[in-house]
Each structure stands twice: as C-alpha cells, then as structure tokens.
file query.txt (compact mmCIF, C-alpha atoms and all ligand atoms)
# COMPACT_ATOMS: atom_id res chain seq x y z
CA MET A 1 15.31 -7.41 -31.32
CA LYS A 2 13.44 -7.57 -34.59
CA ILE A 3 12.77 -10.24 -37.18
CA ILE A 4 13.15 -9.24 -40.80
CA CYS A 5 11.79 -11.61 -43.43
CA ILE A 6 12.58 -11.62 -47.13
CA GLY A 7 9.80 -12.59 -49.54
CA ARG A 8 10.10 -14.19 -52.98
CA ASP A 9 13.87 -14.76 -52.87
CA TYR A 10 13.66 -18.09 -54.72
CA VAL A 11 12.37 -18.15 -58.30
CA GLU A 12 10.46 -21.43 -58.07
CA HIS A 13 8.65 -20.33 -54.90
CA ALA A 14 7.60 -17.00 -56.42
CA LYS A 15 6.21 -18.95 -59.38
CA GLU A 16 4.27 -21.45 -57.25
CA LEU A 17 2.34 -18.56 -55.66
CA ASN A 18 1.92 -16.80 -59.03
CA ASN A 19 3.97 -13.82 -57.85
CA PRO A 20 6.15 -11.71 -60.15
CA LEU A 21 9.92 -11.89 -59.56
CA PRO A 22 11.16 -8.98 -57.44
CA GLU A 23 13.54 -6.36 -58.84
CA VAL A 24 14.75 -5.51 -55.33
CA PRO A 25 14.42 -7.57 -52.12
CA ILE A 26 10.93 -7.56 -50.60
CA PHE A 27 10.93 -7.47 -46.84
CA PHE A 28 8.46 -7.41 -43.98
CA MET A 29 8.86 -7.84 -40.23
CA LYS A 30 7.61 -10.01 -37.41
CA PRO A 31 7.67 -8.87 -33.77
CA GLU A 32 9.72 -10.55 -31.05
CA SER A 33 6.53 -12.24 -29.80
CA ALA A 34 6.50 -14.30 -33.02
CA LEU A 35 9.60 -16.22 -31.93
CA LEU A 36 9.14 -19.86 -30.96
CA GLN A 37 12.29 -21.44 -29.55
CA LYS A 38 13.51 -24.39 -27.50
CA ASN A 39 11.27 -26.80 -29.41
CA PHE A 40 8.09 -25.26 -28.00
CA PRO A 41 5.04 -26.52 -29.94
CA PHE A 42 3.01 -24.31 -32.26
CA PHE A 43 -0.68 -24.18 -31.44
CA TYR A 44 -2.83 -23.89 -34.57
CA PRO A 45 -4.62 -20.52 -34.36
CA GLU A 46 -8.37 -20.14 -34.65
CA PHE A 47 -8.20 -17.20 -37.05
CA SER A 48 -6.86 -19.24 -39.98
CA LYS A 49 -7.78 -22.45 -41.79
CA ASP A 50 -4.73 -22.45 -44.04
CA VAL A 51 -1.44 -21.92 -42.18
CA HIS A 52 1.53 -22.79 -44.42
CA TYR A 53 5.14 -23.62 -43.59
CA GLU A 54 8.02 -21.83 -45.34
CA THR A 55 11.45 -23.24 -44.45
CA GLU A 56 14.13 -20.54 -44.46
CA ILE A 57 17.81 -20.06 -43.66
CA VAL A 58 18.11 -17.47 -40.88
CA ILE A 59 21.10 -15.25 -40.13
CA ARG A 60 21.73 -13.49 -36.83
CA ILE A 61 23.14 -9.95 -36.93
CA LYS A 62 26.10 -9.46 -34.57
CA LYS A 63 26.65 -5.67 -34.58
CA VAL A 64 24.87 -2.44 -35.27
CA GLY A 65 24.90 -1.15 -38.82
CA LYS A 66 23.21 1.29 -41.18
CA HIS A 67 23.93 1.89 -44.89
CA ILE A 68 26.10 -1.24 -44.87
CA GLN A 69 28.06 -1.67 -48.08
CA GLU A 70 27.56 -5.07 -49.67
CA LYS A 71 31.31 -5.77 -49.60
CA PHE A 72 31.31 -5.43 -45.79
CA ALA A 73 27.98 -7.16 -45.14
CA HIS A 74 29.60 -10.52 -44.34
CA THR A 75 31.22 -8.94 -41.25
CA TYR A 76 27.75 -8.31 -39.75
CA PHE A 77 26.87 -11.95 -39.13
CA ASP A 78 28.64 -15.09 -37.92
CA GLU A 79 25.76 -17.42 -37.16
CA ILE A 80 23.38 -19.33 -39.40
CA GLY A 81 20.30 -21.28 -38.44
CA ILE A 82 16.98 -22.40 -39.84
CA GLY A 83 13.46 -21.25 -39.12
CA ILE A 84 9.91 -21.62 -40.35
CA ASP A 85 8.07 -18.54 -41.61
CA LEU A 86 4.55 -19.64 -40.69
CA THR A 87 2.03 -17.87 -42.88
CA ALA A 88 -1.76 -17.70 -42.66
CA ARG A 89 -2.15 -18.04 -46.43
CA ASP A 90 -5.91 -17.44 -46.41
CA LEU A 91 -5.48 -14.14 -44.57
CA GLN A 92 -2.48 -13.19 -46.71
CA ASN A 93 -4.39 -13.77 -49.96
CA ASN A 94 -7.17 -11.57 -48.65
CA CYS A 95 -4.64 -8.85 -47.74
CA LYS A 96 -3.00 -9.08 -51.16
CA GLN A 97 -6.34 -8.78 -52.97
CA LYS A 98 -7.25 -5.70 -50.97
CA GLY A 99 -3.76 -4.17 -51.05
CA LEU A 100 -3.54 -4.32 -47.26
CA PRO A 101 -0.44 -4.92 -45.10
CA TRP A 102 0.42 -8.57 -44.30
CA GLU A 103 0.89 -8.43 -40.53
CA ILE A 104 -2.16 -10.48 -39.53
CA ALA A 105 -0.98 -13.22 -41.91
CA LYS A 106 2.70 -13.16 -40.95
CA ALA A 107 3.35 -11.57 -37.56
CA PHE A 108 1.12 -13.57 -35.21
CA ASP A 109 2.39 -15.21 -32.02
CA GLY A 110 4.55 -18.24 -32.66
CA SER A 111 4.82 -17.56 -36.40
CA ALA A 112 8.63 -17.74 -36.32
CA PRO A 113 9.80 -21.14 -35.01
CA LEU A 114 13.58 -21.07 -34.82
CA GLY A 115 16.14 -23.81 -34.37
CA LYS A 116 19.72 -23.73 -33.16
CA PHE A 117 22.48 -21.62 -34.70
CA VAL A 118 25.97 -22.62 -35.80
CA ASN A 119 28.96 -20.56 -36.87
CA LYS A 120 28.98 -19.96 -40.62
CA LYS A 121 32.63 -21.07 -40.73
CA LYS A 122 31.33 -24.61 -40.25
CA PHE A 123 30.32 -24.55 -43.90
CA ALA A 124 32.66 -24.36 -46.90
CA ASP A 125 30.39 -21.90 -48.76
CA ILE A 126 27.26 -20.39 -47.26
CA ASN A 127 26.16 -19.38 -50.74
CA ASN A 128 25.92 -23.06 -51.66
CA LEU A 129 24.12 -24.53 -48.67
CA ASN A 130 21.60 -27.37 -48.82
CA PHE A 131 18.66 -27.20 -46.43
CA SER A 132 15.48 -29.19 -46.09
CA LEU A 133 12.31 -29.89 -44.16
CA LYS A 134 10.84 -33.24 -43.22
CA ILE A 135 7.24 -33.54 -42.04
CA ASN A 136 6.36 -36.76 -40.25
CA GLY A 137 9.65 -38.20 -41.52
CA GLU A 138 9.07 -37.39 -45.20
CA GLU A 139 11.04 -34.73 -47.08
CA ARG A 140 8.70 -31.94 -48.14
CA GLN A 141 10.97 -29.01 -48.94
CA ALA A 142 14.57 -28.84 -50.12
CA GLY A 143 16.55 -25.81 -51.22
CA ASN A 144 20.03 -24.50 -51.81
CA THR A 145 21.13 -20.94 -51.06
CA LYS A 146 22.80 -20.74 -54.49
CA ASN A 147 19.26 -20.32 -55.85
CA MET A 148 18.59 -17.13 -53.89
CA ILE A 149 17.76 -14.19 -56.14
CA PHE A 150 19.42 -11.83 -53.64
CA SER A 151 22.41 -13.05 -51.58
CA PHE A 152 22.78 -12.69 -47.81
CA ASP A 153 25.19 -9.80 -48.34
CA HIS A 154 22.87 -8.03 -50.75
CA ILE A 155 19.92 -8.44 -48.38
CA ILE A 156 21.87 -6.96 -45.46
CA SER A 157 23.05 -4.03 -47.56
CA TYR A 158 19.58 -3.35 -48.96
CA VAL A 159 17.62 -3.64 -45.70
CA SER A 160 20.13 -1.47 -43.81
CA GLN A 161 19.38 1.44 -46.13
CA PHE A 162 15.95 1.63 -44.50
CA VAL A 163 16.25 -0.04 -41.10
CA THR A 164 19.23 0.06 -38.72
CA LEU A 165 20.35 -3.48 -37.98
CA LYS A 166 21.25 -4.29 -34.38
CA MET A 167 22.95 -7.12 -32.56
CA GLY A 168 20.56 -10.06 -32.22
CA ASP A 169 18.30 -9.11 -35.10
CA LEU A 170 17.25 -12.08 -37.22
CA ILE A 171 16.83 -12.19 -40.98
CA PHE A 172 14.70 -14.96 -42.51
CA THR A 173 16.04 -15.14 -46.06
CA GLY A 174 13.16 -16.61 -48.05
CA THR A 175 11.77 -20.04 -48.84
CA PRO A 176 12.32 -22.39 -51.76
CA GLU A 177 9.36 -24.02 -53.49
CA GLY A 178 7.23 -26.68 -51.84
CA VAL A 179 5.20 -24.66 -49.34
CA SER A 180 2.00 -26.33 -48.15
CA PRO A 181 -0.49 -26.30 -45.27
CA ILE A 182 0.47 -27.55 -41.80
CA LYS A 183 -1.81 -29.90 -39.86
CA ILE A 184 -2.39 -30.49 -36.18
CA GLY A 185 -0.28 -33.49 -35.18
CA ASP A 186 2.50 -32.81 -37.72
CA THR A 187 6.10 -33.26 -36.61
CA PHE A 188 8.63 -31.00 -38.35
CA GLU A 189 12.38 -31.48 -38.60
CA ALA A 190 14.61 -29.01 -40.46
CA PHE A 191 18.17 -29.64 -41.61
CA ILE A 192 21.19 -27.73 -42.91
CA GLU A 193 23.65 -29.89 -44.86
CA GLY A 194 22.06 -32.96 -43.31
CA GLU A 195 22.40 -31.81 -39.70
CA LYS A 196 19.15 -31.49 -37.77
CA MET A 197 18.72 -27.90 -36.58
CA LEU A 198 15.05 -27.67 -35.59
CA ASP A 199 12.24 -29.76 -34.16
CA LEU A 200 8.66 -28.52 -34.14
CA ASN A 201 5.32 -30.10 -33.24
CA ILE A 202 1.99 -28.71 -34.38
CA LYS A 203 -0.74 -28.94 -31.74
MG MG A 301 8.79 -16.52 -46.15

call {"tool": "encode", "arguments": {"input": "query.txt", "output": "structure tokens"}}
result
Amino acid sequence: MKIICIGRDYVEHAKELNNPLPEVPIFFMKPESALLQKNFPFFYPEFSKDVHYETEIVIRIKKVGKHIQEKFAHTYFDEIGIGIDLTARDLQNNCKQKGLPWEIAKAFDGSAPLGKFVNKKKFADINNLNFSLKINGEERQAGNTKNMIFSFDHIISYVSQFVTLKMGDLIFTGTPEGVSPIKIGDTFEAFIEGEKMLDLNIK
C-alpha cells in the first residue's frame, strides 16, 4: 500500500505559501508507516519546531490500474474519507530552498492521520463536497472540492501514467487555505458535509 499526496491543488492554499499555481498535478508519496489510524494520538517529533496541519479529502483505490483514462477514473474508487497531511514546514522550507526532496518534511512516522471512510454514493456530488477541521472546538479550515484545480478523476489519470495504482492505495487530494502549526494538547476533529470523520489528539 502506498500513500500518494497532491500538492497545491487549491488556489488559495498555493497563494498562502507563496507557491506558483501548478500546470499539472504535483505529487509526492508517504510510506505506509506514516499512517495513523483508529484515533491513535500523534506525538510531536523532536526534529521539527513547526509541524503544520493540512486537512485533505482522501480517496481509496479499489483496483489495479495504469494509464487510466480520465473518463474511467471514477470506477477506480468507491470510498472517500478525510486525513491530515502533517508537514514539518521548517524542514520543508529548508528542502525547497536547497532544491532537495521533501521526504523528511512529509513522510515521517504518523504524518498521515486518517479517519473513517464512507461510500462516495452517500454524497450527491463528490465534486461539490464541503469539508472542515476544528481544533479545540473552533473551525480552523474549511474547503469545498469544487475549488480543486485538478479533479479526483484527473489526479487518478495523471498519477497512473507514472505509478501503477493498486487496491488499497490512498490519495490525499490537497488542502484548502488555512494551514497553521499544531500544538501539543490540541484536539482535532475533521468533518465531511458536517459528519465527523476523524478525531486526533496531539501529544
Ligand atoms: Mg498536503
């Protein structure tokens, strides 16, 4: 199983980090050891002083595919969930400045907290889906998938040109604006269309 993450898929988030808008999807990967499930807490790592949350809709691939045509991409996933792409922003900024890969900033243990999944048929239109994050009971991030630069189907088609997708693979589809540092003691709750999908405590 692999975790594929899309970067800069929401215009306002790209702007808040002073990044140019992508012409094609930008993706990177996290290893399986990044997964944090079943409401396990995240322990703040010693190697960073500036870990940020990025709340993202996650899709789970249900069958193997390569060179998937965009018109068939919707047949490669049934389930939608929500996850947090935890990012060591201080390390990432250093990597960006030096032109180095991002793995130490993105792929560390526990950097992919993941909530429950539901069937996409539960929603009238997955390309118009509200999602949000509350920290300590206060809304801190809110997005809608209609604001994605690249749709779920386009992402699947694009990524599968380079990487074979397999059953169980996860795709984190990018964060809206509002990213900020996490703090020890924070309580996170993430929602899709008002339904709570994820609980996370920072320790
Ligand atoms: Mg992200």

call {"tool": "closest_residue", "arguments": {"input": "query.txt", "among": "A:Phe117, A:Phe27, A:Phe188, A:Phe72", "to": "Glu54 in chain A", "atoms": "all atoms listed in the file"}}
result
A:Phe188

call {"tool": "closest_residue", "arguments": {"input": "query.txt", "among": "A:Ile57, A:Ile149, A:Ile155, A:Ile171", "to": "Tyr10 in chain A", "atoms": "only C-alpha atoms"}}
result
A:Ile149

call {"tool": "residues_around", "arguments": {"input": "query.txt", "residues": "Asp90 in chain A", "least_positions_apart": "4", "cutoff": "7 Å", "atoms": "only C-alpha atoms", "output": "PDB file with C-alpha atoms, in the frame of the given file"}}
result
ATOM      1  CA  SER A  48      -6.860 -19.240 -39.980  1.00  0.00           C
ATOM      2  CA  ASP A  50      -4.730 -22.450 -44.040  1.00  0.00           C
ATOM      3  CA  ASN A  94      -7.170 -11.570 -48.650  1.00  0.00           C
TER       4      ASN A  94
END

call {"tool": "closest_atom_pairs", "arguments": {"input": "query.txt", "of": "chain A", "to": "ligand MG 301 (chain A)", "cutoff": "7 Å", "atoms": "all atoms listed in the file", "output": "Markdown table"}}
result
| residue | atom | partner | partner_atom | distance |
| --- | --- | --- | --- | --- |
| A:Cys5 | CA | A:MG301 | MG | 6.4 |
| A:Ile6 | CA | A:MG301 | MG | 6.3 |
| A:Gly7 | CA | A:MG301 | MG | 5.3 |
| A:Glu54 | CA | A:MG301 | MG | 5.4 |
| A:Glu56 | CA | A:MG301 | MG | 6.9 |
| A:Asp85 | CA | A:MG301 | MG | 5.0 |
| A:Gly174 | CA | A:MG301 | MG | 4.8 |
| A:Thr175 | CA | A:MG301 | MG | 5.3 |

call {"tool": "atom_distance", "arguments": {"input": "query.txt", "atom1": "CA of Phe108 in chain A", "atom2": "CA of Thr87 in chain A"}}
result
8.8 Å

call {"tool": "closest_residue", "arguments": {"input": "query.txt", "among": "A:Pro101, A:Gly194, A:Gly137, A:Gly81", "to": "Val118 in chain A", "atoms": "all atoms listed in the file"}}
result
A:Gly81
